[in-house]
Structures are given as structure tokens and as C-alpha cells.
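One file, my_file33.cif, is given below (mmCIF, C-alpha atoms).
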data_query
#
loop_
_atom_site.label_atom_id
_atom_site.label_comp_id
_atom_site.auth_asym_id
_atom_site.auth_seq_id
_atom_site.Cartn_x
_atom_site.Cartn_y
_atom_site.Cartn_z
CA MET A 101 -16.09 -3.61 -33.92
CA LYS A 102 -17.67 -6.98 -33.10
CA PRO A 103 -19.16 -7.06 -29.56
CA CYS A 104 -17.70 -9.47 -27.03
CA PRO A 105 -19.87 -12.58 -26.50
CA GLU A 106 -21.44 -13.13 -23.08
CA GLN A 107 -21.22 -16.17 -20.81
CA ARG A 108 -23.88 -18.84 -21.08
CA SER A 109 -26.36 -18.75 -18.21
CA ASP A 110 -25.33 -22.21 -17.02
CA HIS A 111 -21.87 -20.86 -16.19
CA PHE A 112 -23.07 -18.76 -13.25
CA ASP A 113 -22.69 -21.65 -10.83
CA ASP A 114 -18.96 -21.45 -11.61
CA PHE A 115 -18.70 -17.93 -10.14
CA GLU A 116 -18.32 -16.95 -6.50
CA ILE A 117 -17.67 -13.66 -4.74
CA TRP A 118 -15.65 -13.23 -1.55
CA CYS A 119 -15.86 -9.97 0.41
CA ASP A 120 -13.35 -8.80 3.00
CA LYS A 121 -15.88 -7.32 5.45
CA PRO A 122 -19.66 -6.91 5.94
CA SER A 123 -19.73 -3.42 4.36
CA ASP A 124 -18.28 -4.88 1.14
CA LEU A 125 -20.96 -7.57 1.15
CA GLN A 126 -23.63 -4.89 1.66
CA LEU A 127 -22.28 -2.92 -1.30
CA VAL A 128 -22.44 -5.99 -3.54
CA GLY A 129 -26.05 -6.43 -2.47
CA ALA A 130 -26.85 -2.76 -3.12
CA LEU A 131 -25.35 -2.88 -6.61
CA SER A 132 -26.95 -6.19 -7.60
CA PRO A 133 -30.18 -4.60 -8.95
CA LEU A 134 -28.03 -2.59 -11.40
CA SER A 135 -25.96 -5.55 -12.52
CA ARG A 136 -26.69 -8.34 -14.98
CA PHE A 137 -23.78 -10.23 -13.39
CA LEU A 138 -23.98 -9.58 -9.64
CA SER A 139 -27.70 -10.30 -9.56
CA ARG A 140 -27.09 -13.81 -10.95
CA VAL A 141 -24.24 -15.00 -8.73
CA GLY A 142 -25.55 -17.20 -5.95
CA ARG A 143 -22.41 -17.63 -3.86
CA VAL A 144 -21.40 -14.40 -2.10
CA ASN A 145 -19.43 -14.81 1.13
CA ILE A 146 -17.36 -12.92 3.70
CA LEU A 147 -13.81 -14.21 3.85
CA PRO A 148 -12.85 -15.48 7.33
CA GLY A 149 -10.36 -13.28 9.13
CA ASP A 150 -7.69 -15.97 9.11
CA SER A 151 -4.10 -15.76 7.95
CA PRO A 152 -3.33 -16.93 4.39
CA GLU A 153 -1.76 -20.05 5.91
CA ALA A 154 -4.96 -20.88 7.81
CA LEU A 155 -7.18 -20.11 4.80
CA SER A 156 -5.14 -22.51 2.66
CA ARG A 157 -6.35 -25.40 4.83
CA GLY A 158 -10.09 -24.63 4.57
CA PRO A 159 -12.91 -24.15 2.05
CA ALA A 160 -11.39 -20.85 0.89
CA ALA A 161 -8.04 -22.46 0.04
CA HIS A 162 -8.23 -21.14 -3.53
CA VAL A 163 -8.55 -17.57 -2.18
CA ALA A 164 -5.43 -17.83 0.02
CA PRO A 165 -2.86 -17.02 -2.74
CA LEU A 166 -4.72 -13.80 -3.59
CA VAL A 167 -4.54 -12.50 0.00
CA GLU A 168 -0.90 -13.43 0.52
CA TYR A 169 0.13 -9.75 0.66
CA ASP A 170 -3.10 -8.08 1.74
CA ARG A 171 -6.90 -8.53 1.57
CA PRO A 172 -8.82 -6.81 -1.27
CA ASP A 173 -12.39 -5.67 -0.73
CA ILE A 174 -14.31 -7.63 -3.41
CA MET A 175 -12.82 -10.75 -5.02
CA ILE A 176 -14.64 -12.44 -7.92
CA PHE A 177 -13.62 -16.02 -8.74
CA TYR A 178 -14.51 -18.12 -11.77
CA ARG A 179 -13.87 -21.85 -11.55
CA LYS A 180 -11.80 -21.24 -8.42
CA ARG A 181 -9.53 -18.76 -10.24
CA PRO A 182 -9.53 -14.98 -9.62
CA CYS A 183 -11.06 -13.16 -12.58
CA LEU A 184 -11.69 -9.64 -11.18
CA ILE A 185 -10.67 -7.75 -8.04
CA VAL A 186 -12.44 -4.55 -6.97
CA GLU A 187 -11.00 -2.22 -4.32
CA ILE A 188 -13.36 0.36 -2.80
CA THR A 189 -11.57 3.28 -1.10
CA GLU A 190 -13.38 6.27 0.40
CA HIS A 191 -10.22 8.11 1.48
CA GLY A 192 -8.57 8.75 -1.85
CA TYR A 193 -6.95 12.10 -1.11
CA THR A 194 -3.36 13.21 -1.29
CA GLY A 195 -0.68 11.59 0.80
CA ASP A 196 0.10 7.97 1.45
CA ASN A 197 -3.50 6.76 1.91
CA PRO A 198 -4.32 5.90 -1.74
CA LEU A 199 -1.08 3.95 -2.05
CA GLN A 200 -1.61 1.82 1.04
CA ARG A 201 -3.65 -0.76 -0.87
CA PHE A 202 -1.28 -0.96 -3.83
CA ALA A 203 0.09 -4.39 -2.86
CA ARG A 204 -3.41 -5.77 -3.51
CA ALA A 205 -3.24 -4.56 -7.11
CA VAL A 206 0.18 -6.14 -7.56
CA ARG A 207 -0.92 -9.53 -6.26
CA SER A 208 -4.02 -9.43 -8.44
CA THR A 209 -1.96 -8.88 -11.60
CA GLU A 210 0.66 -11.45 -10.58
CA LEU A 211 -2.19 -13.99 -10.55
CA GLY A 212 -3.56 -12.76 -13.89
CA SER A 213 -6.67 -10.96 -12.65
CA PRO A 214 -7.82 -7.47 -13.74
CA PHE A 215 -7.98 -4.92 -10.91
CA ILE A 216 -10.33 -1.96 -10.42
CA HIS A 217 -9.72 0.77 -7.83
CA PHE A 218 -12.90 2.76 -7.14
CA THR A 219 -12.08 5.92 -5.20
CA PRO A 220 -12.84 9.68 -5.22
CA PHE A 221 -10.18 11.31 -7.37
CA SER A 222 -10.84 14.60 -5.57
CA ARG A 223 -12.47 14.93 -2.15
CA SER A 224 -12.49 16.78 1.18
CA ARG A 225 -10.58 15.53 4.19
CA LEU A 226 -12.70 14.17 7.02
CA ASP A 227 -10.59 15.78 9.75
CA GLU A 228 -11.18 19.22 8.21
CA LEU A 229 -14.93 18.62 7.90
CA LEU A 230 -15.09 17.84 11.62
CA ILE A 231 -14.12 21.42 12.47
CA SER A 232 -16.19 23.19 9.80
CA ASP A 233 -19.67 22.79 8.31
CA ARG A 234 -18.54 24.48 5.12
CA PRO A 235 -17.01 22.53 2.21
CA THR A 236 -13.23 22.46 2.50
CA SER A 237 -10.61 22.46 -0.19
CA ARG A 238 -10.47 19.26 -2.23
CA ARG A 239 -7.43 16.94 -2.27
CA ASN A 240 -6.52 15.03 -5.41
CA VAL A 241 -5.25 11.47 -5.55
CA SER A 242 -1.54 11.40 -6.25
CA ALA A 243 -0.62 10.49 -9.82
CA ARG A 244 1.84 8.05 -8.30
CA LEU A 245 -1.05 5.61 -7.73
CA PHE A 246 -2.04 5.71 -11.40
CA LYS A 247 1.58 5.53 -12.56
CA GLY A 248 1.75 2.26 -10.67
CA PHE A 249 -1.44 1.02 -12.38
CA VAL A 250 -0.04 1.84 -15.82
CA ARG A 251 3.24 0.05 -15.07
CA LEU A 252 1.37 -3.04 -13.83
CA THR A 253 -0.61 -3.14 -17.08
CA GLU A 254 2.63 -2.78 -19.06
CA ILE A 255 4.49 -5.46 -17.09
CA TYR A 256 1.77 -8.10 -16.77
CA GLY A 257 -0.56 -7.30 -19.68
CA ILE A 258 -3.50 -7.14 -17.26
CA PRO A 259 -6.06 -4.27 -17.08
CA VAL A 260 -5.52 -2.17 -13.93
CA MET A 261 -7.91 0.78 -13.85
CA GLY A 262 -8.92 3.68 -11.64
CA PHE A 263 -12.60 4.69 -11.44
CA ASP A 264 -13.77 7.98 -9.95
CA TRP A 265 -16.25 7.75 -7.06
CA PRO A 266 -18.48 10.86 -7.33
CA VAL A 267 -18.72 13.13 -4.29
CA GLY A 268 -21.48 15.32 -2.88
CA GLU A 269 -21.60 19.00 -1.90
CA GLN A 270 -19.43 18.39 1.15
CA GLY A 271 -16.79 16.73 -0.98
CA THR A 272 -17.32 13.23 0.46
CA PRO A 273 -18.21 10.14 -1.61
CA LEU A 274 -21.87 9.44 -2.31
CA LYS A 275 -22.63 6.12 -0.61
CA ALA A 276 -25.17 3.60 -1.83
CA SER A 277 -27.09 3.80 1.44
CA SER A 278 -27.67 7.56 0.96
CA LEU A 279 -29.08 7.33 -2.58
CA SER A 280 -32.87 7.31 -2.80
CA ASP A 281 -33.56 5.44 -6.04
CA GLY A 282 -32.10 3.32 -8.81
CA ALA A 283 -31.40 6.29 -11.06
CA GLU A 284 -29.23 7.96 -8.41
CA LEU A 285 -27.49 4.68 -7.70
CA ARG A 286 -26.71 4.17 -11.38
CA ALA A 287 -25.44 7.74 -11.74
CA VAL A 288 -22.81 7.05 -9.06
CA PHE A 289 -21.98 3.37 -9.57
CA GLY A 290 -23.17 2.69 -13.12
CA GLU A 291 -19.80 2.94 -14.86
CA LEU A 292 -18.22 0.63 -12.29
CA VAL A 293 -21.05 -1.93 -12.60
CA ASN A 294 -20.91 -1.87 -16.41
CA VAL A 295 -17.23 -2.83 -16.42
CA ILE A 296 -17.73 -5.52 -13.77
CA ASP A 297 -20.54 -6.96 -15.90
CA HIS A 298 -18.52 -6.85 -19.09
CA LEU A 299 -15.33 -8.43 -17.72
CA CYS A 300 -17.20 -11.21 -15.92
CA LEU A 301 -19.87 -11.88 -18.56
CA SER A 302 -17.63 -11.66 -21.63
CA HIS A 303 -14.03 -12.34 -20.62
CA ALA A 304 -13.94 -14.72 -17.64
CA ASP A 305 -12.73 -17.69 -19.74
CA GLU A 306 -9.99 -15.62 -21.34
CA ILE A 307 -8.84 -14.25 -17.98
CA ILE A 308 -8.46 -17.61 -16.24
CA ASP A 309 -6.82 -19.08 -19.38
CA CYS A 310 -4.26 -16.20 -19.29
CA ARG A 311 -5.36 -14.92 -22.70
CA PRO A 312 -5.11 -11.15 -23.29
CA VAL A 313 -8.16 -8.92 -22.90
CA LEU A 314 -6.47 -5.54 -23.42
CA TYR A 315 -7.82 -5.49 -26.98
CA CYS A 316 -11.40 -5.07 -25.71
CA SER A 317 -13.06 -1.84 -26.86
CA GLU A 318 -15.04 -1.66 -23.59
CA ILE A 319 -11.84 -1.68 -21.53
CA ARG A 320 -9.57 0.54 -23.61
CA PRO A 321 -11.23 3.90 -22.67
CA HIS A 322 -10.75 3.18 -18.94
CA LEU A 323 -7.10 2.26 -19.48
CA GLU A 324 -6.64 5.52 -21.39
CA LYS A 325 -8.25 7.53 -18.56
CA THR A 326 -5.95 5.85 -16.07
CA ALA A 327 -2.93 6.69 -18.24
CA ALA A 328 -4.05 10.35 -18.40
CA LEU A 329 -4.31 10.46 -14.60
CA ALA A 330 -0.80 8.98 -14.36
CA ALA A 331 0.52 11.82 -16.53
CA ALA A 332 -0.89 14.53 -14.23
CA GLU A 333 1.77 16.75 -12.65
CA ASN A 334 0.37 16.70 -9.12
CA ILE A 335 3.23 14.92 -7.34
CA LEU A 336 5.45 16.87 -4.98
CA ALA A 337 9.11 15.92 -5.03
CA SER A 338 9.30 12.88 -2.79
CA GLU A 339 11.29 13.31 0.39
CA ILE A 340 11.17 9.65 1.35
CA ARG A 341 12.03 7.91 -1.95
CA ILE A 342 15.65 8.39 -2.98
CA PRO A 343 16.39 6.67 -6.31
CA ASN A 344 19.71 6.08 -8.05
CA THR A 345 21.57 5.65 -4.75
CA PRO A 346 24.97 3.89 -4.83
CA PHE A 347 25.46 0.98 -2.47
CA ASP A 348 28.23 2.90 -0.68
CA ARG A 349 25.49 5.27 0.53
CA VAL A 350 23.34 2.35 1.67
CA ARG A 351 26.39 0.96 3.45
CA ALA A 352 26.87 4.33 5.16
CA VAL A 353 23.26 4.26 6.40
CA ILE A 354 23.77 0.77 7.85
CA ASN A 355 26.99 1.80 9.57
CA ARG A 356 25.42 5.03 10.90
CA PRO A 357 21.61 5.00 10.66
CA ALA A 358 21.44 8.73 11.47
CA GLU A 359 22.87 9.22 7.97
CA THR A 360 19.26 9.07 6.78
CA ILE A 361 18.63 12.39 8.58
CA ASP A 362 21.29 13.92 6.34
CA LEU A 363 19.76 12.29 3.26
CA LEU A 364 16.25 13.58 3.98
CA ARG A 365 17.55 16.87 5.41
CA GLU A 366 16.59 17.92 8.91
CA PRO A 367 13.75 20.35 7.95
CA TYR A 368 11.77 17.31 6.75
CA PHE A 369 11.24 16.26 10.37
CA PHE A 370 10.01 19.71 11.42
CA LYS A 371 7.24 19.79 8.80
CA GLY A 372 3.84 18.18 9.27
CA LYS A 373 2.82 15.82 12.02
CA GLU A 374 4.88 15.53 15.18
CA HIS A 375 5.15 11.75 15.06
CA LYS A 376 8.10 12.44 12.74
CA PHE A 377 10.09 13.23 15.88
CA VAL A 378 9.62 9.66 17.09
CA ALA A 379 11.37 8.51 13.92
CA TYR A 380 13.95 11.29 14.27
CA ARG A 381 14.92 10.17 17.76
CA ALA A 382 14.88 6.52 16.66
CA LEU A 383 17.35 7.40 13.90
CA GLN A 384 19.58 9.29 16.30
CA GLU A 385 19.77 6.37 18.73
CA SER A 386 19.82 3.51 16.22
CA SER A 387 22.73 1.08 16.11
CA ILE A 388 22.72 -2.11 14.04
CA ARG A 389 23.41 -5.25 16.10
CA TYR A 390 22.43 -8.02 13.67
CA LEU A 391 22.89 -8.65 9.96
CA GLU A 392 21.23 -11.30 7.84
CA LEU A 393 23.44 -12.97 5.26
CA PRO A 394 22.31 -15.68 2.84
CA GLY A 395 21.54 -18.71 5.00
CA ARG A 396 22.42 -17.19 8.39
CA ARG A 397 22.14 -14.28 10.82
CA VAL A 398 25.32 -12.84 12.37
CA SER A 399 26.33 -10.17 14.84
CA TYR A 400 26.90 -6.97 12.92
CA GLU A 401 30.36 -5.77 12.02
CA ALA A 402 31.00 -3.33 9.18
CA GLU A 403 33.29 -5.81 7.41
CA ARG A 404 30.48 -8.36 7.16
CA LEU A 405 28.71 -6.17 4.60
CA ASN A 406 31.29 -7.51 2.16
CA ASP A 407 29.61 -10.92 2.52
CA LEU A 408 26.34 -9.67 1.01
CA PRO A 409 25.60 -10.71 -2.60
CA PRO A 410 27.97 -9.03 -5.16
CA THR A 411 24.92 -7.68 -7.05
CA PHE A 412 24.34 -5.26 -4.17
CA ALA A 413 27.49 -3.31 -5.02
CA GLU A 414 26.99 -3.59 -8.78
CA LYS A 415 23.55 -1.96 -8.98
CA ARG A 416 22.04 1.34 -7.92
CA TRP A 417 19.38 1.43 -5.20
CA VAL A 418 16.08 3.07 -4.36
CA LEU A 419 16.07 3.97 -0.66
CA VAL A 420 12.60 4.33 0.90
CA PHE A 421 12.35 5.85 4.37
CA SER A 422 9.40 4.88 6.56
CA GLY A 423 8.79 7.08 9.57
CA TYR A 424 5.60 5.20 10.44
CA GLU A 425 4.88 3.01 13.43
CA TRP A 426 4.52 -0.78 13.27
CA ARG A 427 1.57 -1.43 10.96
CA SER A 428 0.95 -2.71 7.44
CA GLU A 429 -0.70 0.45 6.09
CA PRO A 430 0.52 2.53 4.40
CA ASN A 431 4.01 1.01 4.65
CA GLY A 432 3.41 -1.96 2.38
CA GLY A 433 1.67 -0.11 -0.43
CA ILE A 434 4.20 2.72 -0.53
CA THR A 435 7.08 0.26 -0.78
CA VAL A 436 5.48 -1.94 -3.44
CA ASN A 437 4.60 1.14 -5.50
CA ALA A 438 8.24 2.25 -5.33
CA ASP A 439 9.29 -1.18 -6.54
CA ILE A 440 6.91 -1.19 -9.52
CA THR A 441 7.43 2.43 -10.60
CA LEU A 442 11.14 2.94 -9.83
CA CYS A 443 12.88 -0.43 -9.62
CA ARG A 444 11.40 -2.81 -12.17
CA SER A 445 12.68 -3.13 -15.70
CA ARG A 446 10.18 -2.66 -18.53
CA THR A 447 9.49 -6.42 -18.48
CA GLY A 448 10.18 -6.97 -14.78
CA ARG A 449 7.64 -9.57 -13.74
CA THR A 450 9.53 -10.55 -10.56
CA VAL A 451 11.74 -8.87 -7.96
CA ARG A 452 14.72 -10.48 -9.70
CA ASP A 453 14.04 -8.29 -12.75
CA ARG A 454 15.13 -4.94 -11.37
CA ASP A 455 17.09 -2.06 -12.80
CA GLN A 456 17.53 -0.75 -9.24
CA LEU A 457 17.46 -2.66 -5.96
CA LEU A 458 15.17 -1.67 -3.09
CA VAL A 459 15.98 -0.91 0.55
CA VAL A 460 13.54 0.31 3.21
CA HIS A 461 14.81 2.10 6.31
CA TRP A 462 12.30 1.64 9.15
CA PRO A 463 13.87 2.96 12.38
CA ARG A 464 10.72 2.75 14.54
CA VAL A 465 10.77 -1.06 14.37
CA PHE A 466 13.12 -3.37 16.27
CA LEU A 467 14.13 -6.99 15.88
CA GLU A 468 14.54 -7.31 19.66
CA SER A 469 11.61 -6.34 21.87
CA THR A 470 13.97 -5.90 24.86
CA SER A 471 16.35 -3.56 23.06
CA PRO A 472 17.60 -0.92 25.57
CA VAL A 473 17.19 1.70 22.84
CA ARG A 474 13.54 0.76 22.36
CA ILE A 475 12.84 0.86 26.09
CA ALA A 476 14.49 4.27 26.44
CA LEU A 477 12.59 5.69 23.45
CA LEU A 478 9.30 4.38 24.82
CA GLU A 479 10.03 6.27 28.04
CA GLU A 480 10.63 9.44 26.02
CA LEU A 481 7.34 8.89 24.22
CA ARG A 482 5.52 8.40 27.52
CA ASP A 483 7.08 11.65 28.74
CA VAL A 484 5.84 13.54 25.68
CA SER A 485 2.37 11.98 25.69
CA SER A 486 1.63 12.70 29.33
CA ASP A 487 2.90 16.29 29.21
CA ILE A 488 5.70 18.32 27.69
CA GLY A 489 8.54 16.96 29.78
CA LEU A 490 12.31 16.88 29.93
CA SER A 491 13.18 14.27 27.31
CA ARG A 492 15.05 15.03 24.10
CA MET A 493 11.93 14.18 22.12
CA ALA A 494 9.95 16.72 24.14
CA ALA A 495 12.61 19.35 23.51
CA LEU A 496 12.36 18.77 19.74
CA ILE A 497 8.59 19.14 19.87
CA ARG A 498 8.82 22.37 21.88
CA GLN A 499 11.31 23.69 19.32
CA SER A 500 8.99 22.77 16.45
CA ARG A 501 5.95 24.38 18.09
CA THR A 502 7.85 27.55 18.79
CA GLN A 503 8.85 27.77 15.15
CA LYS A 504 5.21 27.30 14.09
CA GLY A 505 3.82 29.71 16.68
CA LEU A 506 1.84 26.95 18.44
CA PRO A 507 1.20 26.49 22.17
CA ALA A 508 3.81 24.29 23.82
CA ASN A 509 1.20 21.89 25.19
CA GLN A 510 -0.69 21.30 21.91
CA ILE A 511 -0.02 17.67 20.97
CA ASN A 512 -0.36 16.90 17.26
CA TYR A 513 -0.78 13.27 16.18
CA ILE A 514 1.49 11.71 18.79
CA ALA A 515 0.57 9.28 21.55
CA TYR A 516 2.19 6.65 23.72
CA GLY A 517 1.89 3.02 22.59
CA THR A 518 4.19 0.05 22.16
CA ARG A 519 3.35 -0.12 18.44
CA SER A 520 4.87 3.35 18.10
CA LEU A 521 8.22 1.64 18.53
CA GLY A 522 7.25 -1.79 17.36
CA VAL A 523 8.78 -5.25 17.10
CA TRP A 524 9.26 -7.21 13.87
CA THR A 525 6.88 -10.18 13.55
CA GLU A 526 7.45 -12.57 10.65
CA ARG A 527 3.83 -13.74 10.32
CA SER A 528 2.45 -10.22 9.91
CA THR A 529 1.16 -8.75 6.65
CA ILE A 530 3.86 -6.11 6.49
CA ALA A 531 6.66 -8.63 7.14
CA ARG A 532 5.37 -10.79 4.27
CA ILE A 533 5.30 -7.79 1.95
CA TYR A 534 8.75 -6.53 2.92
CA ARG A 535 10.29 -9.99 2.70
CA GLN A 536 8.77 -10.42 -0.76
CA PHE A 537 9.56 -7.02 -2.27
CA CYS A 538 12.63 -5.58 -0.50
CA ASP A 539 16.24 -6.53 -1.11
CA LEU A 540 17.16 -5.09 2.30
CA VAL A 541 15.16 -3.86 5.30
CA ILE A 542 17.04 -1.70 7.79
CA LEU A 543 15.35 -1.82 11.20
CA ASN A 544 16.54 0.11 14.24
CA ASP A 545 18.77 -2.74 15.38
CA ALA A 546 19.04 -5.17 12.46
CA VAL A 547 19.38 -5.51 8.70
CA LEU A 548 17.13 -8.13 7.07
CA LEU A 549 17.31 -9.70 3.60
CA GLY A 550 14.49 -10.16 1.14
CA ASN A 551 13.34 -13.76 0.69
CA HIS A 552 14.96 -13.99 -2.75
CA TRP A 553 18.40 -13.47 -1.15
CA ARG A 554 18.02 -15.51 2.05
CA ARG A 555 18.62 -18.95 0.56
#
Could you render the structure as C-alpha cells?
Amino acid sequence: MKPCPEQRSDHFDDFEIWCDKPSDLQLVGALSPLSRFLSRVGRVNILPGDSPEALSRGPAAHVAPLVEYDRPDIMIFYRKRPCLIVEITEHGYTGDNPLQRFARAVRSTELGSPFIHFTPFSRSRLDELLISDRPTSRRNVSARLFKGFVRLTEIYGIPVMGFDWPVGEQGTPLKASSLSDGAELRAVFGELVNVIDHLCLSHADEIIDCRPVLYCSEIRPHLEKTAALAAAENILASEIRIPNTPFDRVRAVINRPAETIDLLREPYFFKGKEHKFVAYRALQESSIRYLELPGRRVSYEAERLNDLPPTFAEKRWVLVFSGYEWRSEPNGGITVNADITLCRSRTGRTVRDRDQLLVVHWPRVFLESTSPVRIALLEELRDVSSDIGLSRMAALIRQSRTQKGLPANQINYIAYGTRSLGVWTERSTIARIYRQFCDLVILNDAVLLGNHWRR
């Protein structure tokens, strides 16, 4: 097969690299001696920590659309257009962590740029290494991440690829700063650098002109590896993603938010980390007070659900439960992955092109900061965090610890903080993601519409 031609040397002034943080900039510098491309790019910068709106008014205005959902680690631009995005993730083990950056991959492909996710496919957990000097059992990245990558490639025709970050004896990723010479550096990062070089040196014009590059013989093997990882049977049955749900069930959850406890089944809340009991109590006490309808917000009454768009009753739904506190990670990535893998049609390039609609139930977040329910739950959380007290939340935790044979005063991943029962903020990253990708968001006290239904 004929090799792909490389860029002319006079084109390198047309490239620039933006890094999210200093460690990303340092990695670009460390990899430059290995790279025919990175070593020749003169403009490498750290992106200011401004909002996308603020960035759009400054010298990085062309970067602002790419970070509309979230901020990738390494962003390579050619003639002010994104031509390759590289995400570097040390914590690639099982659970929600590998999915938390998934919105970055989606935005990259929406804008026509290939996306590379460099992460250990199997590694030890840091919290387990802290209590033992011996190597611990390895955790594998969930195939759900790679299923999302495959679907993005199918939908947008853009390469989205996973690359394995090699690990050492302790099961943690081998960092550039710990490698003693160029040979060791190439053994760990060489495959990644080769693909960065090839895409930027041979395909930058095609990428920014929206011409396909999937034909490339250098890229195909990595797409095939990603597809094989997507086919791995390492996904436990999801307890928080409930597909094929009729709208009558969604309506029941809105009318009685504690219905979600029945959907997930109560044992779910007694497994794993005890912060689940914050969500459990929030569900028990939740009562919807406000409902968004197209063009307006109204006081909630059950009959007003009939004023929602007719499509809501005509289609099935994917219900995603978030028991997390107010933060963007991993909430955004989990939700966007559910959209791409469960909701979109085979050619679904936008949220309008869905086989199933998407609703997120997030009971630990309130529309009103002064909600009496929020204030009461914060007092329960303070009671639990200071000591095992008399609140209903404390009683649930004592019950759980008794069942597990744990001491009653052993607190596990739960602490007092106002973010634990947070307040919706429209200008936040997670609000932008939910408004863009969800059809409905059920908070503790309100039901919000996705942007595509609000007008």
C-alpha cells in the first residue's frame, strides 16, 4: 500500500499545541525527542483556566469550542482547527473513572478531530498500594469506554482509539520522569508518539477539510484493537443505567422520586461506599417543586407533565441514576457515554437522532440552595461526619456496618460538605453537559429540560 505523504516543513508554523495543565506541557516536552512532529512545533502553550465564554474573547478563541464540555489534556491545532486530541489518564481502572473524560472524546469527534485516550488498560489501585508494599490485584478498564469509542467512530467517521500505558512491577503507569534513557522512553510511549506523528505529519489537511482518514493503514490496526477491547466481556450488569424504560415509569419517578430506590433495588445502597446513603436519604426526602416546560418554568403539579413534548411519551427512555455529589466528574462522562452507546441511532450525529431518550436522576443536587430538605439533609450529614449520631442517615450506616461486620465508628468515604448536597449552577461544566445531552434532568426539587427542548 502506498505510504501517506508527509507535511512540507514550511507548514509547521501552522501548528500549535495547547495543554490543559503544566504536567501535560512537561509530557509534551519529554516526548519531543522521540517525535518528528512534536520536536518541530514552536508554539506550545498552557490554556488559561477561563470558562469557554471567556476564552472565546481572547487569543485562544479558536480553542473555546473544543472545551465547551470539558478540557482535554493535549490539544493539537492546525490552521486554528483541531486536528488531534490526546487524553492522558493514569487512573484507568474499573469503575466510573475511565468514563469521566468521555465528553472530551465526544466533543473532539463532533468537531472532526481524531481522539486518542492513553491509559493503563490494567493497573493497581492507588488506595490499595497505600496499605501494602506488595503488588495488588489489577483492575481492567471497563469495555464500556471502548464501546463508546467504537460508536463515536461509527457515527462521526473519526478515529477514536485507546492506547495502553505500560505499568511497572507495582502495577502503576511508567512515567516519563522515571525512565532513564531514550530507549526506555520509546518502549513506553513509542506507539503513542508514532501515531501522533503520522496523523499530524500526513493527515492534518484531510482532517481539517473533513475528509476521511479511516482508510489509513497506520490507523486501522489501532481501531481494530479498540474494537477488540470493546468486545471484552468485563462489564458487570449496570445498576445505574436502566434502558428501555417507558415514560410512564419516568413520570412515576418524577411524581415520587423514591421510586428510583425500587428501580435500583435497596441492596444497591448497602453495597460499596457509604456515600450511597446520602443519595438514599436524598431520594427518600425528595419532592419536586418546579418543572421546566418549553419556554417557561412552572410550579410542579402532576398534570403539568402532560404539557411536555409529545415525543416524551412516544419513545422509550434510558434512565441514569447519579448518586454522586455536585461535581463534573464522573457525572458528565458517564451520562454522555450512556447517550452514545444506548440512545443514539446508528447515524445519530446529534441528540435529536435518538432511538431512546435520556433522563438523569440526580437527587443530591437542588435547584434551590435554601430548600428545607437540603438544609435538613446537611444536618444529618454533619451528624454522621462528626460521630455516629441519632439521624436517620446515621442509623442506615450503623445497619450497613453491622451487616458487614465493621466497627460502628468506622467512616467509609463520607464527609460533611455543602457540595455533598449541592446546588445547580448553569455556568458549570456539568450543567453545560447535562443541558446539551439530557432530555430531562431530575434534581431533588426540580425537573429541568435539555437545551434542545427548552425553546
| field | Explicit residues for the PyMOL selection byres ((chain A and resi 133) around 12) (as a ChimeraX atom specification) | value | /A:127-132,134-141,276,281-283,285-286,289-290,293
| said: Counting only C-alpha atoms, which residues have an atom no more than 12 Å from (10.4, 9.4, 26.0) in the file's coordinates? Please list them as a PyMOL selection string. | reply: chain A and resi 377-378+381-382+473-497+514-518+520-521
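Atom pair atom CA of Ile174 of chain A / atom CA of Glu526 of chain A has a distance of 26.4 Å (rounded to one decimal).
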| message | Measuring between all atoms listed in the file, which one of A:Glu269, A:Asp114, A:Asp264, A:Glu210 shows the shortest distance to Val288 of chain A? | response | A:Asp264
Using all atoms listed in the file, I'd like a table of the residues in segment 359-437 of chain A that come within 12 Å of segment 247-251 of chain A; for each, show the closest atom pair and its distance in Å rounded to one decimal, ordered by chain and ascending number, as a Markdown table.
| residue | atom | partner | partner_atom | distance |
| --- | --- | --- | --- | --- |
| A:Gly433 | CA | A:Gly248 | CA | 10.5 |
| A:Ile434 | CA | A:Gly248 | CA | 10.4 |
| A:Thr435 | CA | A:Gly248 | CA | 11.4 |
| A:Val436 | CA | A:Gly248 | CA | 9.2 |
| A:Asn437 | CA | A:Gly248 | CA | 6.0 |
| Hits of the PyMOL selection byres ((chain A and resi 534) around 9) in this structure, as a count of residues only | 18
| message | To test your reading of the syntax: which residues would the PyMOL selection byres ((chain A and resi 122) around 12) return for the file shown? Reply as a PyMOL selection string. | response | chain A and resi 118-121+123-129+144-149+173-174
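With all atoms listed in the file as the basis for measurement, A:Leu184 is the residue among A:Ala287, A:Ala164, A:Leu543, A:Leu184 that approaches His303 of chain A most closely.
Among the candidate residues A:Thr447, A:Tyr424, A:Ser471, A:Asn431, the one lying nearest to Arg519 of chain A is A:Tyr424, with distances computed using all atoms listed in the file.
Once Ala331 of chain A and its same-chain neighbours fewer than 6 positions away are set aside, Ala243, Arg244, Phe246, Lys247 and Lys325 of chain A remain within 10 Å of it when counting all atoms listed in the file.
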Can you take the partial segment 346-357 of chain A, add N, CA and C atoms, and return it as a short mmCIF file (atom, residue, chain, number, x, y, z; two decimals), in the frame of the given file?
data_model
loop_
_atom_site.label_atom_id
_atom_site.label_comp_id
_atom_site.auth_asym_id
_atom_site.auth_seq_id
_atom_site.Cartn_x
_atom_site.Cartn_y
_atom_site.Cartn_z
N PRO A 346 23.92 4.91 -4.79
CA PRO A 346 24.97 3.89 -4.83
C PRO A 346 24.98 3.06 -3.55
N PHE A 347 25.46 1.84 -3.65
CA PHE A 347 25.46 0.98 -2.47
C PHE A 347 26.37 1.53 -1.38
N ASP A 348 27.39 2.29 -1.72
CA ASP A 348 28.23 2.90 -0.68
C ASP A 348 27.40 3.78 0.24
N ARG A 349 26.36 4.43 -0.31
CA ARG A 349 25.49 5.27 0.53
C ARG A 349 24.59 4.40 1.41
N VAL A 350 24.12 3.28 0.86
CA VAL A 350 23.34 2.35 1.67
C VAL A 350 24.21 1.78 2.78
N ARG A 351 25.45 1.46 2.46
CA ARG A 351 26.39 0.96 3.45
C ARG A 351 26.60 2.00 4.56
N ALA A 352 26.68 3.27 4.17
CA ALA A 352 26.87 4.33 5.16
C ALA A 352 25.67 4.42 6.10
N VAL A 353 24.47 4.23 5.57
CA VAL A 353 23.26 4.26 6.40
C VAL A 353 23.27 3.10 7.39
N ILE A 354 23.71 1.93 6.95
CA ILE A 354 23.77 0.77 7.85
C ILE A 354 24.80 1.02 8.95
N ASN A 355 25.95 1.54 8.58
CA ASN A 355 26.99 1.80 9.57
C ASN A 355 26.60 2.90 10.55
N ARG A 356 25.86 3.91 10.04
CA ARG A 356 25.42 5.03 10.90
C ARG A 356 24.01 5.40 10.49
N PRO A 357 22.99 4.77 11.09
CA PRO A 357 21.61 5.00 10.66
C PRO A 357 21.18 6.46 10.64
#
